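Engineer: Below is the structure I would like to discuss, written out as structure tokens.
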Amino acid sequence: MKHLKLVLERLRKNQLYAKFSKCLFWLDQISFLGHVVSAEGISVDPQKISADFSAIALPLTKLTRKGVKFEWDEHCEWSFQELKKRLTHAPILALPNNGDEFGIYNDTSLSELGYVLM
């Protein structure tokens, strides 16, 4: 609630307004810009990295094809170790300190409008 109040006050101070019909409040988690924001922190959205995992797993996937001889090589070993590392060590980002200064950056065109709080 404190963060929401700070953001809304900053928007009002700069004569910017949120369209509340497009806002969601008090969710347990939300996907935003390729990340999942929750009470546990910020982590990479699993849907955004599924294609990356498919590419990494390709050497292992090839081993399961019908008629292919099972030969474990350095590509399979790298693939296995990389998948193991990524599945057991999800990156988590921290929330900013309240005392830090923030800036609002915008990018506008005739059809779109975007803002980033940094």
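Ligands are numbered from 1 in the order shown, residues from 1 within each chain, and chains are lettered A, B, ... in the order they appear in the structure tokens.
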I want to know what sits within 10 Å of Ile104 in chain A, based on only C-alpha atoms, with residues of the same chain fewer than 3 positions away left out; could you give that as a ChimeraX atom specification?
Structural biologist: /A:10-11,14,115-118
Engineer: Just the residues within 12 Å of Glu77 in chain A, please, counting only C-alpha atoms, with nothing from its chain fewer than 4 positions along; format it as a PyMOL selection string.
Structural biologist: chain A and resi 56-60+71-73+81-84
Engineer: In Å to one decimal, how far is CA of Glu9 in chain A from CA of Trp26 in chain A?
Structural biologist: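 About the pair CA of Trp26 in chain A and CA of Glu9 in chain A: they are 18.1 Å apart.
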Engineer: List every residue of range 12-51 of chain A that DSSP, applied to the backbone of this structure, places in helix (DSSP H, G or I), and write the result as a VMD selection string.
Structural biologist: chain A and resid 12 to 13 20 to 22 46 to 51
Engineer: Could you tell me, as a PyMOL selection string, which residues of range 26-103 of chain A DSSP assigns to strand (DSSP E or B) when given the backbone?
Structural biologist: chain A and resi 29-32+35-38+41-44+92-93
Engineer: By how many Å are CA of Leu4 in chain A and CA of Tyr105 in chain A apart?
Structural biologist: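 So the two atoms, CA of Leu4 in chain A and CA of Tyr105 in chain A, lie 18.1 Å apart.
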Engineer: Measuring atom to atom with only C-alpha atoms, identify which of A:Lys13, A:Lys19, A:Lys69, A:His89 is nearest to Ser43 in chain A.
Structural biologist: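 The shortest atom-to-atom distance to Ser43 in chain A comes from A:His89.
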Engineer: Applying 10 Å and only C-alpha atoms, which residues near range 28-36 of chain A remain after dropping the ones on its own chain fewer than 2 positions away? List them as an NGL selection string.
Structural biologist: :A and (24-26 or 38-49 or 92-93)
Engineer: Which distance in Å separates CA of Pro96 in chain A and CA of Asp52 in chain A, to one decimal?
Structural biologist: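 Atom-to-atom, CA of Pro96 in chain A and CA of Asp52 in chain A are spaced 28.4 Å apart.
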